[in-house]
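Trainee: Take a look at this one; I'll ask things after.
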Amino acid sequence: MKLRPMINPIIFNAQSIQDDLLSYFLWTKGWKIQVSSGLQIPLGNLLADIQDILGSEPNLSFLRIVEEQKVSEFFVRRLRIFIESDDTNTAKNEAIEYAITKATIASEELCYRCGGIFHDDTPVNNDYLAYYESMHNINEYSMQFMKVCIHCVNQACKGYMPEASSNDSESIEKQKETETQVKKENKSSEIKTETIPKKQQEKDSEKTVIEDLNNNKNNDEFGKSIILYDLKSLKKLEENYEGASREQVSRIKNLSKKLKESTPERLLVSIPDEWQKQCDELQHNFPNFNEVTQFIRHQFALSSVSDQQLRFPPFLLVGDSGIGKTEYMLTLANLCNTTLEVIDISNAQSGSTLSGSESFWGNTKTGVIFNSLMFGDIANQIFMLDEIDKASENLAHQPLGALHGLLEVRQAQQFKDLSVPEILIDASHIIWIATANSVESIEKPILDRFLVFHVETPTKTQMRNIVNNQYERYLKQSAAGQFFEAEIRSDVVDELCKYHPRSVKKRLSLAFGFAANEKRNYLTVCDIQNNKLNEERKKRGVGFMSVDI
């Protein structure tokens, strides 16, 4: 199946990829394929080639297809393809490598935003190009050498009309022609350039562009986009450090350069299409988190009747160590197709972990919030504050100090990293989740900002369910899974029910190794008890440090 080029002005239209393309390749389900809609042609041709080479149901041990921004290119993103086939046929593997090379080259010839071909006959408006350069802070010299998507430039600059001199009849005629074209494309928003000052036109146009970005809505993995920060703040940042020390100037130049290689636009992940079914699975796999899962279900329901955006109010999971709090959050983040940033608060020495260190320090560094948002692709990431109850109570450190503002939407919209306070970041879309063993040591102003869920240690019945789920998950995720019995034996389940959920995962992993070593395709109680013997040896010590009593 070969696909024809198409024009689609929506950026990161993951719904288009899912509906128009991946529905033809059902064998890709479960693998990570995160590609902008503009690149669906080379992606589709690649998947078709893989299917032609390996058969209608390719036997793959790994598949991941993403994209990366090309340095000094604004409209180009290169496909990054990672694939491993279980087929040992050398000729087939070479054919797969050739298909990957072909798809990678093709992806660089299309605009990742709209799928348009760079070298076409679309007329270019030099005023539009100049305005687009200024709007996105693109160097005019660089613009001459990069691949430019004229279609995207024309779409983004709709409504912008350069002011013409009253004595320049040729310029006036050109302006009228452009104005007429704009009116045809959007009759509901006619613009009379002779009555609108130039500065007001630019301001209104920039507002229109931002609104267009914010209104790009999909119903699948990605939703609308937001503008994370103002590009003008980068210029202010560079100006503030003129005349500073060589180390400071070098740091700011490197940071500014890195930021200019991307855009201030970030994605907002949408709720999963099958969120009800996935909540059922979450409830089945984590039965002792029923109250939390019910809360998640209700939040999905709220989003489903509004803008589809993934969002939760800050919530705190309180319970004993080892009952599966972190595992639950990892599973939830994977379900939501967003990133999970785990921050170990027990090891945080100061507030710089979250919000960076003061800019006057010679070794100042940006914090995890700045780094994740500014150099990531997603605005509504999940941040998990692990062991928040173990935060330092020393007033000189206060690792949670930044949370007072970050957990309030209005203040989070103007977040400043202490290392680069010139840049205001919209951190209001971050999803905040915390874990703790108890709430006694958490300061009240912080605790009051979280919804608190007390997670109990699983009952024996719940533990049996957890053990069976862990066993099934290992069979699905491990290459050796197909060797073992489809169901775990009852006496082995009874033995594993004696331990915490976190310990079950570790013991199962070791037990499979014991069984494989004896060429058995099933686990025994002895496989689990061997783990226990190993732990007892550790407690007694090793070598000359061991003491027998």
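FYI, nothing fancy with the structure tokens labels: chains A, B, ... in order, residues from 1 per chain, ligands from 1 as they appear.
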From region 383-441 of chain A, collect each residue whose DSSP state is strand (DSSP E) and return the set as a list in words.
Mentor: Phe383, Met384, Leu385, Asp386, Phe415, Lys416, Leu424, Ile425, Ile431, Trp432, Ile433, Ala434, Thr435 and Ala436 of chain A
Trainee: Once you have the residues from the selection above, write them out as a compact mmCIF listing (two decimals), in the first residue's frame, restricted to C-alpha atoms.
Mentor:
# COMPACT_ATOMS: atom_id res chain seq x y z
CA PHE A 383 5.59 14.82 38.05
CA MET A 384 5.69 12.33 40.93
CA LEU A 385 7.19 13.56 44.20
CA ASP A 386 8.35 10.32 45.79
CA PHE A 415 6.77 30.07 36.79
CA LYS A 416 10.38 31.28 36.97
CA LEU A 424 8.34 33.08 32.33
CA ILE A 425 7.09 29.51 31.78
CA ILE A 431 0.04 16.94 36.70
CA TRP A 432 1.32 16.70 40.28
CA ILE A 433 1.25 13.43 42.21
CA ALA A 434 3.05 12.60 45.45
CA THR A 435 3.66 9.50 47.57
CA ALA A 436 4.25 9.18 51.30
Trainee: Go through A:Leu26, A:Leu316, A:Leu523, A:Ala486 and flag the residue nearest Leu508 (chain A), using only C-alpha atoms for the distances.
Mentor: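 Answer, going by the shortest atom-to-atom distance: A:Leu523.
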Trainee: So which residues touch Asn240 (chain A) within 12 Å, counting only C-alpha atoms, skipping near sequence neighbours fewer than 5 positions away, as a list in words?
Mentor: Ser233, Leu234, Lys235, Ser245, Gln248, Val249, Ile252, Lys253, Ser359, Val420, Pro421, Glu422 and Ile423 of chain A
Trainee: Running DSSP on the backbone, which parts of region 68-108 of chain A land in helix (DSSP H, G or I), as a PyMOL selection string?
Mentor: chain A and resi 90-107
Trainee: Restricted to N, CA and C atoms, what would the selected residues look like written as a PDB file, in the first residue's frame?
Mentor:
ATOM      1  N   THR A  90      19.017 -13.184   6.784  1.00  0.00           N
ATOM      2  CA  THR A  90      19.888 -12.034   6.545  1.00  0.00           C
ATOM      3  C   THR A  90      19.346 -11.119   5.454  1.00  0.00           C
ATOM      4  N   ALA A  91      18.855 -11.697   4.372  1.00  0.00           N
ATOM      5  CA  ALA A  91      18.341 -10.896   3.262  1.00  0.00           C
ATOM      6  C   ALA A  91      17.141 -10.055   3.702  1.00  0.00           C
ATOM      7  N   LYS A  92      16.268 -10.626   4.517  1.00  0.00           N
ATOM      8  CA  LYS A  92      15.101  -9.878   4.997  1.00  0.00           C
ATOM      9  C   LYS A  92      15.526  -8.712   5.886  1.00  0.00           C
ATOM     10  N   ASN A  93      16.505  -8.957   6.752  1.00  0.00           N
ATOM     11  CA  ASN A  93      16.980  -7.891   7.639  1.00  0.00           C
ATOM     12  C   ASN A  93      17.636  -6.763   6.847  1.00  0.00           C
ATOM     13  N   GLU A  94      18.356  -7.110   5.782  1.00  0.00           N
ATOM     14  CA  GLU A  94      18.949  -6.086   4.932  1.00  0.00           C
ATOM     15  C   GLU A  94      17.860  -5.283   4.208  1.00  0.00           C
ATOM     16  N   ALA A  95      16.806  -5.971   3.807  1.00  0.00           N
ATOM     17  CA  ALA A  95      15.694  -5.275   3.151  1.00  0.00           C
ATOM     18  C   ALA A  95      15.009  -4.309   4.120  1.00  0.00           C
ATOM     19  N   ILE A  96      14.889  -4.711   5.384  1.00  0.00           N
ATOM     20  CA  ILE A  96      14.307  -3.836   6.411  1.00  0.00           C
ATOM     21  C   ILE A  96      15.182  -2.601   6.595  1.00  0.00           C
ATOM     22  N   GLU A  97      16.502  -2.774   6.634  1.00  0.00           N
ATOM     23  CA  GLU A  97      17.422  -1.650   6.777  1.00  0.00           C
ATOM     24  C   GLU A  97      17.285  -0.678   5.607  1.00  0.00           C
ATOM     25  N   TYR A  98      17.128  -1.216   4.398  1.00  0.00           N
ATOM     26  CA  TYR A  98      16.953  -0.354   3.229  1.00  0.00           C
ATOM     27  C   TYR A  98      15.637   0.430   3.334  1.00  0.00           C
ATOM     28  N   ALA A  99      14.568  -0.223   3.804  1.00  0.00           N
ATOM     29  CA  ALA A  99      13.277   0.450   3.961  1.00  0.00           C
ATOM     30  C   ALA A  99      13.372   1.575   4.988  1.00  0.00           C
ATOM     31  N   ILE A 100      14.138   1.337   6.048  1.00  0.00           N
ATOM     32  CA  ILE A 100      14.330   2.364   7.080  1.00  0.00           C
ATOM     33  C   ILE A 100      15.062   3.572   6.505  1.00  0.00           C
ATOM     34  N   THR A 101      16.130   3.311   5.744  1.00  0.00           N
ATOM     35  CA  THR A 101      16.897   4.395   5.115  1.00  0.00           C
ATOM     36  C   THR A 101      16.014   5.208   4.179  1.00  0.00           C
ATOM     37  N   LYS A 102      15.203   4.515   3.392  1.00  0.00           N
ATOM     38  CA  LYS A 102      14.314   5.176   2.431  1.00  0.00           C
ATOM     39  C   LYS A 102      13.292   6.060   3.155  1.00  0.00           C
ATOM     40  N   ALA A 103      12.731   5.552   4.254  1.00  0.00           N
ATOM     41  CA  ALA A 103      11.729   6.312   5.013  1.00  0.00           C
ATOM     42  C   ALA A 103      12.356   7.522   5.692  1.00  0.00           C
ATOM     43  N   THR A 104      13.575   7.359   6.196  1.00  0.00           N
ATOM     44  CA  THR A 104      14.260   8.456   6.867  1.00  0.00           C
ATOM     45  C   THR A 104      14.535   9.602   5.894  1.00  0.00           C
ATOM     46  N   ILE A 105      15.021   9.260   4.711  1.00  0.00           N
ATOM     47  CA  ILE A 105      15.307  10.277   3.692  1.00  0.00           C
ATOM     48  C   ILE A 105      14.012  10.969   3.261  1.00  0.00           C
ATOM     49  N   ALA A 106      12.947  10.188   3.062  1.00  0.00           N
ATOM     50  CA  ALA A 106      11.665  10.758   2.622  1.00  0.00           C
ATOM     51  C   ALA A 106      11.092  11.711   3.663  1.00  0.00           C
ATOM     52  N   SER A 107      11.303  11.401   4.956  1.00  0.00           N
ATOM     53  CA  SER A 107      10.742  12.250   6.014  1.00  0.00           C
ATOM     54  C   SER A 107      11.359  13.645   6.019  1.00  0.00           C
TER      55      SER A 107
END
Trainee: Nearest to Lys257 (chain A): which of A:Glu472, A:Glu238, A:Leu403, A:Val504 is it, counting only C-alpha atoms?
Mentor: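 Checking each candidate against Lys257 (chain A), we get A:Glu238 as the closest.
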Trainee: Skipping near chain neighbours, those fewer than 5 positions away, what residues fall within 10 Å of region 323-325 of chain A using only C-alpha atoms, listed as an MDAnalysis selection string?
Mentor: chainID A and resid 286 288:289 317:318 330 386 434:436 455:458 466 499:503
Trainee: Kindly give the distance, in Å, that separates CA of Leu400 (chain A) and CA of Leu310 (chain A), rounded to a single decimal.
Mentor: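 Computing it gives 24.5 Å between the two atoms.
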Trainee: Which residues come within 9 Å of Thr331 (chain A), counting only C-alpha atoms, excluding same-chain residues fewer than 5 positions away, as a ChimeraX atom specification?
Mentor: /A:282,326,336
Trainee: Would you mind exporting N, CA and C atoms of the selected residues as a compact mmCIF listing (two decimals), in the first residue's frame?
Mentor:
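Below you can see part_6.txt, which holds the result:
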# COMPACT_ATOMS: atom_id res chain seq x y z
N LEU A 282 -6.94 -1.20 34.98
CA LEU A 282 -6.19 -0.63 36.09
C LEU A 282 -6.77 -1.13 37.42
N THR A 326 4.53 3.36 43.27
CA THR A 326 5.30 3.78 42.09
C THR A 326 4.90 2.97 40.87
N CYS A 336 -1.75 6.78 29.83
CA CYS A 336 -2.10 8.12 29.36
C CYS A 336 -1.18 8.63 28.25
Trainee: How many Å separate CA of Ile271 (chain A) from CA of Leu302 (chain A)?
Mentor: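 Rounded to one decimal, the two atoms are 10.3 Å apart.
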Trainee: Using Å and a single decimal, report how far CA of Arg311 (chain A) sits from CA of Asp280 (chain A).
Mentor: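 So the two atoms, CA of Asp280 (chain A) and CA of Arg311 (chain A), lie 18.9 Å apart.
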Trainee: Which of these, A:Arg77, A:Arg464, A:Lys476, A:Arg507, has the shortest distance to Arg489 (chain A) once you count only C-alpha atoms?
Mentor: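 Answer, going by the shortest atom-to-atom distance: A:Arg464.
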Trainee: If you count only C-alpha atoms, which residues fall within 10 Å of Gly376 (chain A), apart from same-chain ones fewer than 4 positions away, as a list of chain:residue names?
Mentor: A:Ser262, A:Arg266, A:Leu267, A:Thr339, A:Phe370, A:Asn371, A:Ser372, A:Gln381
Trainee: Could you turn the residues from that selection into a file that holds C-alpha atoms, as a compact mmCIF listing (two decimals), in the first residue's frame?
Mentor:
# COMPACT_ATOMS: atom_id res chain seq x y z
CA SER A 262 13.07 24.17 19.06
CA ARG A 266 4.24 22.21 23.44
CA LEU A 267 1.67 19.46 23.15
CA THR A 339 5.92 11.12 30.49
CA PHE A 370 12.58 23.93 33.45
CA ASN A 371 14.51 21.05 31.86
CA SER A 372 11.49 18.79 31.41
CA GLN A 381 3.64 15.75 32.00
Trainee: Please identify all polymer residues within 12 Å of Leu407 (chain A), counting only C-alpha atoms, omitting same-chain residues fewer than 6 positions from it, and present them as a VMD selection string.
Mentor: chain A and resid 312 to 315 383 400 to 401 413 415 427 to 434 445 to 451
Trainee: Show me a table, sorted first by chain and then by increasing residue number, of the residues of region 269-377 of chain A having an atom at most 12 Å from region 27-35 of chain A, each with its shortest atom pair and the distance in Å to one decimal, counting only C-alpha atoms and written as CSV.
Mentor:
residue,atom,partner,partner_atom,distance
A:Val269,CA,A:Gln34,CA,11.9
A:Asn334,CA,A:Lys32,CA,10.5
A:Leu335,CA,A:Gly30,CA,10.8
A:Asn337,CA,A:Lys32,CA,9.4
A:Thr338,CA,A:Gln34,CA,11.2
A:Asp377,CA,A:Gln34,CA,11.2
